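K.L.:
So here's start-v3.cif (mmCIF, C-alpha atoms and all ligand atoms).
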```
data_structure
#
loop_
_atom_site.label_atom_id
_atom_site.label_comp_id
_atom_site.auth_asym_id
_atom_site.auth_seq_id
_atom_site.Cartn_x
_atom_site.Cartn_y
_atom_site.Cartn_z
CA MET A 15 133.27 -57.90 82.64
CA ALA A 16 132.32 -61.47 83.44
CA LEU A 17 129.51 -62.63 85.69
CA ILE A 18 130.72 -63.31 89.24
CA PRO A 19 129.37 -65.49 92.09
CA VAL A 20 126.79 -63.69 94.20
CA GLU A 21 128.91 -64.15 97.35
CA GLU A 22 131.67 -62.17 95.66
CA ALA A 23 129.23 -59.43 94.66
CA ARG A 24 128.11 -59.16 98.31
CA LYS A 25 131.74 -58.82 99.43
CA ILE A 26 132.45 -56.15 96.84
CA ILE A 27 129.42 -54.13 97.95
CA ASN A 28 130.24 -54.53 101.66
CA ASN A 29 133.83 -53.43 101.10
CA THR A 30 133.05 -50.44 98.89
CA ASN A 31 133.29 -47.00 100.35
CA PHE A 32 130.25 -45.08 99.15
CA GLU A 33 130.66 -41.40 99.80
CA VAL A 34 127.09 -40.97 100.91
CA LYS A 35 126.16 -39.22 104.12
CA LYS A 36 124.11 -41.38 106.47
CA ARG A 37 121.24 -38.93 106.18
CA GLU A 38 118.74 -39.10 109.01
CA LYS A 39 116.13 -36.86 110.58
CA ASP A 40 114.57 -36.52 113.97
CA VAL A 41 110.82 -37.00 113.57
CA ASP A 42 107.69 -37.27 115.63
CA ILE A 43 107.03 -40.98 116.28
CA PHE A 44 103.77 -40.87 114.32
CA GLN A 45 105.68 -39.63 111.27
CA ALA A 46 108.27 -42.33 111.87
CA LEU A 47 105.70 -45.06 111.16
CA GLY A 48 106.85 -47.17 108.21
CA LYS A 49 110.34 -45.63 108.23
CA ILE A 50 113.66 -47.27 109.06
CA VAL A 51 115.37 -46.30 112.33
CA THR A 52 119.03 -45.35 111.99
CA GLU A 53 120.12 -46.10 115.54
CA ASP A 54 119.04 -48.53 118.25
CA VAL A 55 116.18 -47.07 120.28
CA ILE A 56 116.81 -47.87 123.95
CA ALA A 57 114.21 -48.19 126.74
CA ILE A 58 114.71 -45.41 129.26
CA LYS A 59 112.58 -47.09 131.90
CA SER A 60 111.40 -50.54 132.82
CA ILE A 61 107.81 -51.54 132.07
CA PRO A 62 106.19 -51.95 134.51
CA GLU A 63 108.28 -49.41 136.36
CA ARG A 64 107.56 -51.29 139.61
CA SER A 65 105.71 -54.43 140.57
CA LEU A 66 101.96 -54.15 140.07
CA SER A 67 98.90 -56.10 141.10
CA VAL A 68 97.04 -57.83 138.28
CA MET A 69 93.94 -58.39 140.45
CA ASP A 70 91.68 -56.48 142.76
CA GLY A 71 92.50 -58.05 146.12
CA TYR A 72 94.93 -58.07 149.01
CA ALA A 73 98.71 -57.66 148.90
CA ILE A 74 100.24 -60.12 151.33
CA LYS A 75 103.39 -61.76 152.47
CA TYR A 76 102.68 -65.47 152.10
CA GLU A 77 104.58 -66.39 155.30
CA ASP A 78 102.43 -64.02 157.35
CA TYR A 79 99.29 -65.60 155.93
CA LEU A 80 100.58 -69.03 157.01
CA LYS A 81 101.56 -67.72 160.41
CA TYR A 82 98.50 -65.61 161.31
CA GLY A 83 95.65 -66.87 159.11
CA LYS A 84 94.12 -63.39 159.16
CA LEU A 85 95.82 -60.11 158.31
CA ARG A 86 95.09 -56.54 159.38
CA VAL A 87 93.98 -54.26 156.55
CA VAL A 88 95.99 -51.05 157.04
CA GLY A 89 95.27 -49.13 153.82
CA LYS A 90 94.31 -49.09 150.17
CA LEU A 91 96.47 -48.59 147.09
CA TYR A 92 95.33 -47.50 143.61
CA PRO A 93 97.08 -47.26 140.23
CA ASN A 94 97.77 -43.57 140.85
CA THR A 95 99.24 -44.10 144.35
CA LEU A 96 102.71 -42.57 144.45
CA ASN A 97 103.89 -43.26 147.99
CA ILE A 98 104.60 -46.92 148.31
CA PRO A 99 104.29 -48.19 151.88
CA GLU A 100 106.11 -51.13 153.42
CA LEU A 101 104.12 -54.21 154.26
CA LYS A 102 104.80 -54.84 157.96
CA GLU A 103 104.38 -58.15 159.78
CA GLY A 104 100.74 -59.30 159.99
CA GLU A 105 99.50 -56.52 157.70
CA THR A 106 97.86 -56.34 154.31
CA TYR A 107 96.80 -53.61 151.88
CA TYR A 108 93.76 -53.60 149.66
CA VAL A 109 95.05 -53.17 146.06
CA THR A 110 93.29 -52.75 142.74
CA THR A 111 94.32 -54.00 139.28
CA GLY A 112 97.30 -51.95 138.16
CA SER A 113 98.15 -50.62 141.66
CA PRO A 114 101.74 -50.63 142.80
CA LEU A 115 102.42 -53.10 145.60
CA PRO A 116 103.76 -52.35 149.06
CA THR A 117 107.40 -53.37 149.43
CA ASN A 118 107.76 -56.95 150.82
CA THR A 119 104.60 -58.10 149.02
CA ASP A 120 105.09 -61.51 147.46
CA SER A 121 101.50 -62.45 146.53
CA VAL A 122 98.09 -60.95 145.85
CA VAL A 123 94.90 -62.77 146.88
CA PRO A 124 91.88 -61.93 144.70
CA ILE A 125 89.01 -60.28 146.51
CA GLU A 126 86.69 -63.21 145.69
CA ASN A 127 88.85 -65.39 147.95
CA SER A 128 88.64 -63.04 150.93
CA LYS A 129 86.23 -62.01 153.66
CA LEU A 130 86.48 -58.92 155.84
CA GLU A 131 86.05 -59.34 159.58
CA GLY A 132 86.27 -55.93 161.16
CA GLU A 133 89.70 -54.54 160.41
CA TYR A 134 90.99 -58.01 159.45
CA VAL A 135 90.67 -60.08 156.34
CA ILE A 136 90.55 -63.87 156.18
CA PHE A 137 91.10 -65.93 153.06
CA LYS A 138 89.02 -68.71 151.54
CA GLY A 139 90.13 -71.37 149.14
CA GLU A 140 93.74 -71.93 148.15
CA VAL A 141 96.12 -69.02 148.60
CA LYS A 142 99.08 -69.36 146.24
CA LYS A 143 102.50 -67.87 146.81
CA GLY A 144 103.85 -65.50 144.13
CA LYS A 145 100.56 -65.14 142.26
CA ASN A 146 98.84 -62.17 140.63
CA ILE A 147 101.86 -59.90 140.42
CA ARG A 148 103.35 -58.25 137.32
CA GLU A 149 107.01 -57.94 138.15
CA GLU A 150 109.00 -54.76 137.54
CA GLY A 151 110.65 -54.94 134.09
CA GLU A 152 108.63 -58.05 133.17
CA ASP A 153 107.73 -56.54 129.78
CA ILE A 154 110.72 -54.31 129.07
CA TYR A 155 113.73 -53.50 131.19
CA ALA A 156 115.50 -50.14 131.20
CA GLY A 157 118.45 -50.22 128.79
CA GLN A 158 116.92 -52.86 126.52
CA VAL A 159 116.89 -52.25 122.76
CA ILE A 160 113.24 -51.67 121.81
CA ILE A 161 113.74 -50.99 118.09
CA ARG A 162 116.92 -52.25 116.48
CA LYS A 163 118.76 -50.07 113.98
CA GLY A 164 117.61 -50.91 110.45
CA THR A 165 114.10 -51.95 111.54
CA GLU A 166 110.89 -50.48 110.15
CA VAL A 167 108.76 -48.67 112.75
CA THR A 168 105.40 -50.45 113.15
CA PRO A 169 102.20 -49.53 115.01
CA TYR A 170 103.32 -51.98 117.71
CA HIS A 171 106.49 -49.97 118.26
CA LEU A 172 104.33 -46.86 118.64
CA GLY A 173 102.75 -48.40 121.74
CA ILE A 174 106.14 -49.08 123.29
CA LEU A 175 107.49 -45.62 122.44
CA LEU A 176 104.46 -43.90 123.96
CA GLN A 177 104.76 -45.96 127.14
CA GLN A 178 108.40 -44.92 127.32
CA GLN A 179 107.40 -41.29 126.70
CA ILE A 180 109.78 -41.20 123.74
CA PHE A 181 108.12 -38.82 121.29
CA HIS A 182 110.88 -38.32 118.70
CA ILE A 183 113.26 -40.75 117.02
CA ASN A 184 115.83 -40.68 114.21
CA VAL A 185 114.86 -42.26 110.90
CA SER A 186 116.68 -42.68 107.62
CA ASP A 187 116.29 -39.72 105.29
CA LEU A 188 118.25 -40.79 102.21
CA ARG A 189 117.39 -39.21 98.86
CA PHE A 190 116.74 -41.57 95.97
CA ALA A 191 116.31 -40.98 92.26
CA ILE A 192 114.79 -43.72 90.12
CA PHE A 193 114.27 -44.02 86.38
CA ALA A 194 113.19 -46.64 83.87
CA ASN A 195 114.75 -47.31 80.45
CA GLY A 196 113.34 -48.19 77.05
CA ASP A 197 111.68 -46.58 74.02
CA GLU A 198 108.73 -48.86 74.59
CA ILE A 199 108.16 -47.74 78.20
CA ALA A 200 105.81 -44.93 79.27
CA SER A 201 106.04 -43.12 82.60
CA PHE A 202 103.42 -44.32 85.07
CA GLU A 203 102.62 -40.69 85.69
CA ASN A 204 101.66 -40.12 82.02
CA PRO A 205 100.45 -43.44 80.64
CA GLU A 206 100.46 -43.68 76.84
CA LYS A 207 98.42 -46.10 74.75
CA ASN A 208 100.48 -48.68 72.80
CA LYS A 209 103.35 -48.38 75.24
CA VAL A 210 104.36 -50.55 78.17
CA ILE A 211 103.62 -48.65 81.35
CA ASP A 212 106.47 -48.46 83.84
CA SER A 213 105.02 -50.84 86.42
CA ILE A 214 108.24 -51.50 88.33
CA SER A 215 109.30 -48.04 89.52
CA PRO A 216 106.15 -47.54 91.64
CA ILE A 217 106.80 -50.80 93.52
CA LEU A 218 110.33 -49.72 94.32
CA ILE A 219 109.32 -46.15 95.14
CA LYS A 220 106.97 -47.44 97.85
CA ILE A 221 109.70 -49.71 99.25
CA LEU A 222 112.35 -46.97 99.11
CA GLU A 223 110.15 -44.45 100.90
CA LYS A 224 110.86 -46.42 104.06
CA PHE A 225 114.42 -45.12 103.76
CA GLY A 226 113.72 -41.49 102.82
CA SER A 227 112.38 -39.58 99.84
CA VAL A 228 112.25 -40.74 96.24
CA LYS A 229 112.25 -38.63 93.08
CA TYR A 230 110.86 -40.34 89.98
CA MET A 231 112.93 -39.19 87.02
CA GLY A 232 110.70 -40.76 84.36
CA VAL A 233 111.92 -42.91 81.48
CA ALA A 234 115.20 -42.71 79.56
CA LYS A 235 115.14 -43.39 75.81
CA ASP A 236 117.31 -46.15 74.32
CA ASP A 237 119.98 -43.57 73.67
CA LEU A 238 123.34 -43.24 75.41
CA ASN A 239 123.10 -39.48 75.83
CA ASP A 240 119.58 -39.66 77.18
CA VAL A 241 120.64 -42.25 79.78
CA ILE A 242 123.70 -40.15 80.68
CA GLY A 243 121.43 -37.11 81.03
CA LYS A 244 119.08 -38.97 83.43
CA ILE A 245 122.01 -40.14 85.55
CA GLU A 246 123.56 -36.65 85.68
CA LYS A 247 120.27 -35.07 86.78
CA SER A 248 119.84 -37.84 89.35
CA LEU A 249 123.34 -37.22 90.74
CA GLU A 250 122.45 -33.59 91.42
CA ILE A 251 119.49 -34.37 93.65
CA SER A 252 120.06 -37.78 95.20
CA ASP A 253 122.37 -39.99 97.25
CA VAL A 254 121.39 -43.29 95.65
CA ILE A 255 120.30 -43.87 92.03
CA ILE A 256 118.20 -46.76 90.78
CA SER A 257 117.89 -47.67 87.11
CA ILE A 258 115.38 -50.22 85.79
CA GLY A 259 115.78 -52.09 82.49
CA GLY A 260 118.42 -51.70 79.81
CA SER A 261 120.73 -53.77 82.02
CA SER A 262 121.52 -56.47 79.49
CA VAL A 263 124.09 -56.74 76.73
CA GLY A 264 121.84 -55.95 73.76
CA GLU A 265 122.60 -53.20 71.28
CA LYS A 266 120.00 -50.96 72.94
CA ASP A 267 121.08 -51.56 76.55
CA TYR A 268 122.86 -48.35 77.51
CA VAL A 269 122.81 -48.20 81.31
CA LYS A 270 126.12 -49.92 82.01
CA ARG A 271 127.80 -48.09 79.14
CA ALA A 272 126.59 -44.78 80.58
CA ILE A 273 127.87 -45.69 84.04
CA ASN A 274 131.26 -46.65 82.65
CA LYS A 275 131.47 -43.23 81.00
CA LEU A 276 130.56 -41.34 84.21
CA GLY A 277 132.12 -43.64 86.80
CA GLU A 278 132.60 -47.38 87.18
CA MET A 279 130.73 -50.66 87.47
CA LEU A 280 131.67 -52.49 90.71
CA PHE A 281 130.64 -55.74 89.04
CA ASP A 282 128.60 -56.59 86.01
CA GLY A 283 126.11 -59.28 86.92
CA VAL A 284 126.17 -62.53 88.88
CA THR A 285 125.94 -66.22 88.07
CA VAL A 286 122.40 -66.50 89.39
CA ASN A 287 119.37 -66.76 87.17
CA ILE A 288 116.77 -64.03 87.56
CA ILE A 289 119.23 -61.53 89.05
CA LYS A 290 121.96 -62.32 86.51
CA ARG A 291 121.98 -58.83 84.99
CA GLY A 292 121.58 -57.01 88.33
CA SER A 293 124.65 -55.01 89.25
CA VAL A 294 126.00 -51.98 91.06
CA GLY A 295 128.01 -49.02 89.84
CA ARG A 296 129.57 -46.02 91.54
CA ILE A 297 129.66 -42.47 90.23
CA GLN A 298 131.12 -39.58 92.27
CA GLY A 299 131.12 -41.95 95.24
CA LYS A 300 127.37 -42.56 94.93
CA PRO A 301 125.89 -46.00 94.31
CA ILE A 302 123.83 -46.66 91.21
CA LEU A 303 121.79 -49.81 91.32
CA VAL A 304 121.24 -51.43 87.94
CA LEU A 305 118.09 -53.55 88.03
CA PRO A 306 116.87 -55.75 85.18
CA GLY A 307 113.65 -54.77 83.41
CA GLN A 308 111.71 -57.86 84.47
CA VAL A 309 109.69 -57.41 87.61
CA VAL A 310 110.77 -60.50 89.60
CA SER A 311 114.36 -59.79 88.61
CA ALA A 312 114.15 -56.13 89.60
CA ILE A 313 112.56 -56.75 93.00
CA THR A 314 114.77 -59.69 94.01
CA ALA A 315 117.89 -57.89 92.72
CA PHE A 316 116.88 -54.92 94.85
CA HIS A 317 116.63 -57.18 97.91
CA GLU A 318 119.96 -58.85 97.09
CA PHE A 319 122.11 -55.92 95.95
CA GLY A 320 120.08 -52.85 96.94
CA LEU A 321 119.73 -53.90 100.56
CA SER A 322 123.48 -54.67 100.67
CA VAL A 323 124.20 -51.15 99.42
CA LEU A 324 121.80 -49.57 101.92
CA SER A 325 123.14 -51.74 104.76
CA ASN A 326 126.61 -50.46 103.92
CA ILE A 327 125.49 -46.81 103.91
CA LEU A 328 123.40 -47.05 107.09
CA SER A 329 125.85 -49.41 108.89
CA ALA A 330 122.89 -51.66 109.63
CA ASN A 331 121.91 -55.17 108.67
CA LEU A 332 118.79 -54.66 106.60
CA LYS A 333 118.39 -58.17 105.25
CA ARG A 334 115.99 -60.41 107.16
CA PHE A 335 116.24 -64.18 106.91
CA VAL A 336 114.05 -67.01 108.11
CA LYS A 337 114.50 -70.77 108.08
CA SER A 338 111.57 -72.69 106.70
CA THR A 339 110.68 -76.17 105.45
CA LEU A 340 109.90 -76.98 101.82
CA VAL A 341 106.38 -78.33 101.37
CA GLU A 342 107.27 -80.03 98.07
CA ASP A 343 110.29 -81.22 96.07
CA ILE A 344 112.02 -78.67 93.84
CA TYR A 345 114.31 -79.70 91.02
CA VAL A 346 116.46 -76.77 89.91
CA ASN A 347 116.30 -77.34 86.19
CA HIS A 348 118.62 -74.51 85.18
CA SER A 349 122.19 -74.26 84.00
CA MET A 350 122.86 -71.68 86.73
CA ASP A 351 121.89 -71.37 90.38
CA SER A 352 118.58 -69.58 90.47
CA ILE A 353 116.34 -67.38 92.54
CA TYR A 354 113.06 -69.00 93.64
CA LEU A 355 110.12 -67.13 95.14
CA PHE A 356 108.25 -68.47 98.16
CA ASP A 357 105.12 -67.86 100.09
CA VAL A 358 106.42 -68.46 103.60
CA LYS A 359 103.73 -69.33 106.12
CA GLY A 360 105.04 -70.13 109.57
CA ASN A 361 107.44 -73.00 109.19
CA SER A 362 106.21 -73.93 105.70
CA ALA A 363 107.77 -72.62 102.48
CA PHE A 364 105.43 -72.88 99.47
CA PRO A 365 107.40 -72.52 96.21
CA LEU A 366 105.82 -70.25 93.61
CA ARG A 367 105.98 -70.52 89.83
CA TRP A 368 109.41 -69.75 88.40
CA GLY A 369 109.75 -66.83 86.00
CA VAL A 370 111.47 -63.46 85.64
CA GLY A 371 108.35 -61.45 84.88
CA LEU A 372 105.46 -63.04 86.81
CA TYR A 373 103.74 -60.19 88.61
CA SER A 374 101.12 -62.60 89.96
CA GLU A 375 103.67 -64.82 91.67
CA LEU A 376 105.54 -61.81 93.05
CA SER A 377 102.34 -60.56 94.63
CA LYS A 378 101.99 -63.86 96.51
CA ALA A 379 105.64 -64.04 97.58
CA ASN A 380 107.07 -62.82 100.87
CA GLY A 381 110.53 -64.29 100.49
CA PHE A 382 113.04 -65.87 98.15
CA THR A 383 116.24 -67.83 98.09
CA ILE A 384 118.96 -68.94 95.71
CA LEU A 385 118.88 -72.68 94.98
CA LYS A 386 121.79 -74.60 93.45
CA ARG A 387 121.67 -75.63 89.83
CA SER A 388 120.72 -79.24 88.96
CA VAL A 389 119.97 -80.09 92.59
CA THR A 390 116.76 -81.69 93.80
CA TYR A 391 115.65 -80.19 97.09
CA LYS A 392 113.41 -82.59 98.98
CA LYS A 393 110.08 -81.92 100.65
CA GLY A 394 110.77 -81.45 104.39
CA GLU A 395 114.23 -80.00 103.75
CA GLU A 396 115.03 -76.77 105.57
CA VAL A 397 115.97 -73.73 103.49
CA GLU A 398 116.99 -70.23 104.54
CA LEU A 399 114.88 -67.57 102.87
CA GLN A 400 115.42 -63.85 102.63
CA LEU A 401 112.22 -62.01 103.47
CA PHE A 402 110.90 -59.14 101.41
CA ILE A 403 110.82 -55.83 103.22
N1 LIG B 501 122.02 -62.07 74.77
C1 LIG B 501 121.60 -61.94 76.01
N2 LIG B 501 120.40 -61.45 76.23
C2 LIG B 501 119.94 -61.33 77.47
C3 LIG B 501 120.72 -61.72 78.57
C4 LIG B 501 121.99 -62.22 78.32
O1 LIG B 501 122.74 -62.59 79.22
N3 LIG B 501 122.39 -62.30 77.01
N4 LIG B 501 120.21 -61.61 79.81
C5 LIG B 501 118.79 -61.70 79.92
C6 LIG B 501 118.43 -61.37 81.26
S1 LIG B 501 118.91 -62.42 82.40
C7 LIG B 501 117.69 -60.29 81.57
S2 LIG B 501 117.17 -60.04 83.15
C8 LIG B 501 117.27 -59.32 80.61
C9 LIG B 501 117.60 -57.96 81.17
O2 LIG B 501 117.05 -57.09 80.34
P1 LIG B 501 117.10 -55.54 80.56
O3 LIG B 501 117.36 -55.18 81.96
O4 LIG B 501 117.98 -54.98 79.54
O5 LIG B 501 115.58 -55.20 80.35
P2 LIG B 501 114.90 -54.63 79.06
O6 LIG B 501 115.36 -55.33 77.86
O7 LIG B 501 114.96 -53.18 79.12
O8 LIG B 501 113.42 -55.08 79.39
C10 LIG B 501 113.05 -56.39 79.51
C11 LIG B 501 111.52 -56.51 79.42
O9 LIG B 501 110.90 -55.87 80.52
C12 LIG B 501 110.10 -54.77 80.10
N5 LIG B 501 110.36 -53.64 81.00
C13 LIG B 501 111.51 -53.00 81.15
N6 LIG B 501 111.39 -52.04 82.06
C14 LIG B 501 110.12 -52.06 82.50
C15 LIG B 501 109.38 -51.30 83.44
N7 LIG B 501 109.97 -50.31 84.13
N8 LIG B 501 108.09 -51.60 83.65
C16 LIG B 501 107.52 -52.61 82.96
N9 LIG B 501 108.17 -53.39 82.05
C17 LIG B 501 109.44 -53.11 81.82
C18 LIG B 501 110.57 -54.46 78.70
O10 LIG B 501 109.58 -53.87 77.95
C19 LIG B 501 110.97 -55.82 78.21
O11 LIG B 501 109.82 -56.53 77.80
O12 LIG B 501 118.01 -59.47 79.42
C20 LIG B 501 118.04 -60.82 78.93
N10 LIG B 501 118.69 -60.82 77.69
O1 LIG B 502 118.85 -60.82 85.32
MO1 LIG B 502 117.93 -61.92 84.41
O2 LIG B 502 116.35 -61.56 84.98
O3 LIG B 502 118.89 -63.21 85.22
O4 LIG B 502 116.85 -63.17 84.45
#
```
Output the file's structure as structure tokens, nothing else.
Ligand SMILES: Nc1nc2c(c(=O)[nH]1)N[C@H]1C(S)=C(S)[C@@H](COP(=O)(O)OP(=O)(O)OC[C@H]3O[C@@H](n4cnc5c(N)ncnc54)[C@H](O)[C@@H]3O)O[C@H]1N2
Ligand code: MOO
P.N.:
Amino acid sequence: MALIPVEEARKIINNTNFEVKKREKDVDIFQALGKIVTEDVIAIKSIPERSLSVMDGYAIKYEDYLKYGKLRVVGKLYPNTLNIPELKEGETYYVTTGSPLPTNTDSVVPIENSKLEGEYVIFKGEVKKGKNIREEGEDIYAGQVIIRKGTEVTPYHLGILLQQQIFHINVSDLRFAIFANGDEIASFENPEKNKVIDSISPILIKILEKFGSVKYMGVAKDDLNDVIGKIEKSLEISDVIISIGGSSVGEKDYVKRAINKLGEMLFDGVTVNIIKRGSVGRIQGKPILVLPGQVVSAITAFHEFGLSVLSNILSANLKRFVKSTLVEDIYVNHSMDSIYLFDVKGNSAFPLRWGVGLYSELSKANGFTILKRSVTYKKGEEVELQLFI
């Protein structure tokens, strides 16, 4: 099979029917931290639930203040007050920070700007209309999406969920199996001297755990039957399989040959440097992601093809993009379009050193993009970058 444009590969993945259940589980929100939500989480109440005072002071109707100058203090409200009174003409209530406000209140005057005179209060300094109130729904309104499907749950979401008294949510619970390939590679679980330790699987395992559980199947030998054996075992226990290395066309690259024996390749690489050998197969309806053995290639191919596969399965859009400005010129000195890594800081995109296997650059990167071959991109030009998850 020939290399195809990356846009075509995306279309193929989007239009493929993977027979994988959208596995999810209902978990305690603390266990949901770092996991991907499988449906929109909706606010069940507005925050604040009703208008609140943001100062200790007096709840007034501004017109009454103008009309009477002094207002009669008829009660006090606190944050735990449940019965909300109505503010009648010429009246005021003492309120504390966080108290609900009487109906008809349109302003709160801080206590520093007031003076009690018997049962009345008079105001000093400038009284401003509409001040010192936190409006109902100002933060979140009932019905609003608070965590969008496909988003990772963060500690900040925890705060919102607790305020909403939502204690359980659904998160993705897909099962992954991952293995590396190559006689020279040793499992990271049992490092061996004089071998190359599998230093790519652990990165992907940590990323994939956002989506469910991951079983590390170890390392397949450069042997067709061994690779087939790893894939067959993976099929028994997982929904999505990830293979690292052995993706090329060399005499010892068996992954694609094994897939073609057990199922089919959806495409066999793209015309983009660094992810050129990345591809996707399907066996018994399940996706198998073929990632190149170089670390930058494997991780960017996962973000390109892997997130397309997972978006398809979870019916969510998992890719995150940001527009940013190049801080220096980049000349794409390659015969193919190519992936470039970036350190994106605010509106500035700092290009990192180009290379398929640069762990150091990958560790500095938080995004990447595909730039066109033989084009010079100018400093100040805007580019759209895909962010790492
Ligand atoms: N004749 C051609 N040769 C190559 C082509 C091509 O089009 N024609 N494509 C090149 C491209 S592009 C890539 S990418 C690589 C893909 O290679 P593989 O996926 O087959 O990777 P390996 O050969 O297995 O390994 C490459 C390199 O990385 C090390 N490696 C592999 N897996 C791991 C791991 N899990 N942890 C750490 N290091 C790993 C491995 O030892 C090799 O040094 O093919 C080009 N060749
Ligand atoms: O898939 Mo390869 O890493 O294009 O460079």
K.L.:
If we count only C-alpha atoms and set the cut-off at 7 Å, which residues sit around region 250-267 of chain A, ignoring sequence neighbours fewer than 2 positions away in its own chain? Please answer as a ChimeraX atom specification.
P.N.:
/A:34,188-196,236,246-248,269-270,291,300-307
K.L.:
Work out how far apart CA of Asn94 (chain A) and CA of Thr111 (chain A) are and give it in Å to one decimal.
P.N.:
11.1 Å
K.L.:
Neighbours of Asn146 (chain A) within 10 Å (only C-alpha atoms; same-chain residues fewer than 6 positions away dropped), as a list in words?
P.N.:
Leu66, Ser67, Val68, Met69, Asp70, Gly71, Ala73, Thr111, Asp120, Ser121, Val122, Val123 and Pro124 of chain A
K.L.:
Name the residues within 12 Å of (106.0, -47.4, 82.2), counting all atoms listed in the file in the file's coordinates, and put them as a tab-separated table (two decimals) with C-alpha atoms, keeping the file's coordinate frame.
P.N.:
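As a result, selection-v3.tsv now contains:
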```tsv
chain	number	residue	atom	x	y	z
A	193	PHE	CA	114.27	-44.02	86.38
A	194	ALA	CA	113.19	-46.64	83.87
A	195	ASN	CA	114.75	-47.31	80.45
A	196	GLY	CA	113.34	-48.19	77.05
A	197	ASP	CA	111.68	-46.58	74.02
A	198	GLU	CA	108.73	-48.86	74.59
A	199	ILE	CA	108.16	-47.74	78.20
A	200	ALA	CA	105.81	-44.93	79.27
A	201	SER	CA	106.04	-43.12	82.60
A	202	PHE	CA	103.42	-44.32	85.07
A	203	GLU	CA	102.62	-40.69	85.69
A	204	ASN	CA	101.66	-40.12	82.02
A	205	PRO	CA	100.45	-43.44	80.64
A	206	GLU	CA	100.46	-43.68	76.84
A	207	LYS	CA	98.42	-46.10	74.75
A	208	ASN	CA	100.48	-48.68	72.80
A	209	LYS	CA	103.35	-48.38	75.24
A	210	VAL	CA	104.36	-50.55	78.17
A	211	ILE	CA	103.62	-48.65	81.35
A	212	ASP	CA	106.47	-48.46	83.84
A	213	SER	CA	105.02	-50.84	86.42
A	214	ILE	CA	108.24	-51.50	88.33
A	215	SER	CA	109.30	-48.04	89.52
A	216	PRO	CA	106.15	-47.54	91.64
A	217	ILE	CA	106.80	-50.80	93.52
A	230	TYR	CA	110.86	-40.34	89.98
A	231	MET	CA	112.93	-39.19	87.02
A	232	GLY	CA	110.70	-40.76	84.36
A	233	VAL	CA	111.92	-42.91	81.48
A	234	ALA	CA	115.20	-42.71	79.56
A	235	LYS	CA	115.14	-43.39	75.81
A	258	ILE	CA	115.38	-50.22	85.79
A	259	GLY	CA	115.78	-52.09	82.49
A	307	GLY	CA	113.65	-54.77	83.41
A	309	VAL	CA	109.69	-57.41	87.61
```
K.L.:
Name the closest residue to ligand LIG 501 (chain B) among the candidates A:Leu175, A:Ile289, A:Leu355, A:Leu366; distances are taken between atoms, counting all atoms listed in the file.
P.N.:
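The closest residue to ligand LIG 501 (chain B) is A:Ile289.
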K.L.:
For the interface of chain A with ligand LIG 502 (chain B) (cut-off 7 Å, counting all atoms listed in the file), please tabulate each contacting residue of chain A alongside its nearest pair of atoms and their separation in Å to one decimal, rows sorted by chain and increasing number, as JSON lines.
P.N.:
```
{"residue": "A:Val286", "atom": "CA", "partner": "B:LIG502", "partner_atom": "O3", "distance": 6.4}
{"residue": "A:Asn287", "atom": "CA", "partner": "B:LIG502", "partner_atom": "O3", "distance": 4.1}
{"residue": "A:Ile288", "atom": "CA", "partner": "B:LIG502", "partner_atom": "O4", "distance": 3.2}
{"residue": "A:Ile289", "atom": "CA", "partner": "B:LIG502", "partner_atom": "O1", "distance": 3.8}
{"residue": "A:Lys290", "atom": "CA", "partner": "B:LIG502", "partner_atom": "O3", "distance": 3.4}
{"residue": "A:Arg291", "atom": "CA", "partner": "B:LIG502", "partner_atom": "O1", "distance": 3.7}
{"residue": "A:Gly292", "atom": "CA", "partner": "B:LIG502", "partner_atom": "O1", "distance": 5.6}
{"residue": "A:Pro306", "atom": "CA", "partner": "B:LIG502", "partner_atom": "O1", "distance": 5.4}
{"residue": "A:Gln308", "atom": "CA", "partner": "B:LIG502", "partner_atom": "O2", "distance": 6.0}
{"residue": "A:Ser311", "atom": "CA", "partner": "B:LIG502", "partner_atom": "O2", "distance": 4.5}
{"residue": "A:Val370", "atom": "CA", "partner": "B:LIG502", "partner_atom": "O2", "distance": 5.3}
```
K.L.:
Check the smallest atom-to-atom distance from each of A:Arg162, A:Lys143, A:Arg37, A:Arg148 to Ala57 (chain A) using only C-alpha atoms, then report the winner.
P.N.:
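Under the stated criterion, the closest residue is A:Arg162.
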K.L.:
Using all atoms listed in the file, determine which residues lie at most 8 Å from Gly394 (chain A), disregarding the query and same-chain residues fewer than 2 positions distant; provide the list as a ChimeraX atom specification.
P.N.:
/A:339-342,392,396
K.L.:
For Gly83 (chain A), please output as a list of chain:residue names all residues within 9 Å (counting only C-alpha atoms; exclusion window: fewer than 6 positions along the same chain).
P.N.:
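With the cut-off at 9 Å, the set is A:Val135, A:Ile136, A:Phe137.
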K.L.:
Could you check which of A:Gly139, A:Pro365, A:Pro62, A:Gly144 is closest to Glu77 (chain A), using all atoms listed in the file?
P.N.:
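Closest to Glu77 (chain A) of all the choices is A:Gly144.
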K.L.:
Which one is closest to Lys224 (chain A): A:Lys39, A:Lys49, A:Arg296, A:Arg64? Count all atoms listed in the file.
P.N.:
A:Lys49
K.L.:
The residues within 7 Å of (112.5, -38.2, 120.1), using all atoms listed in the file and the coordinates of the file, should be reported as a list of chain:residue names; which are they?
P.N.:
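With a cut-off of 7 Å, the residues come to A:Asp40, A:Val41, A:Asp42, A:Ile180, A:Phe181, A:His182, A:Ile183.
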K.L.:
What does the distance from CA of Leu91 (chain A) to CA of Tyr79 (chain A) come to in Å, to one decimal?
P.N.:
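Pair CA of Leu91 (chain A) / CA of Tyr79 (chain A) returns 19.4 Å.
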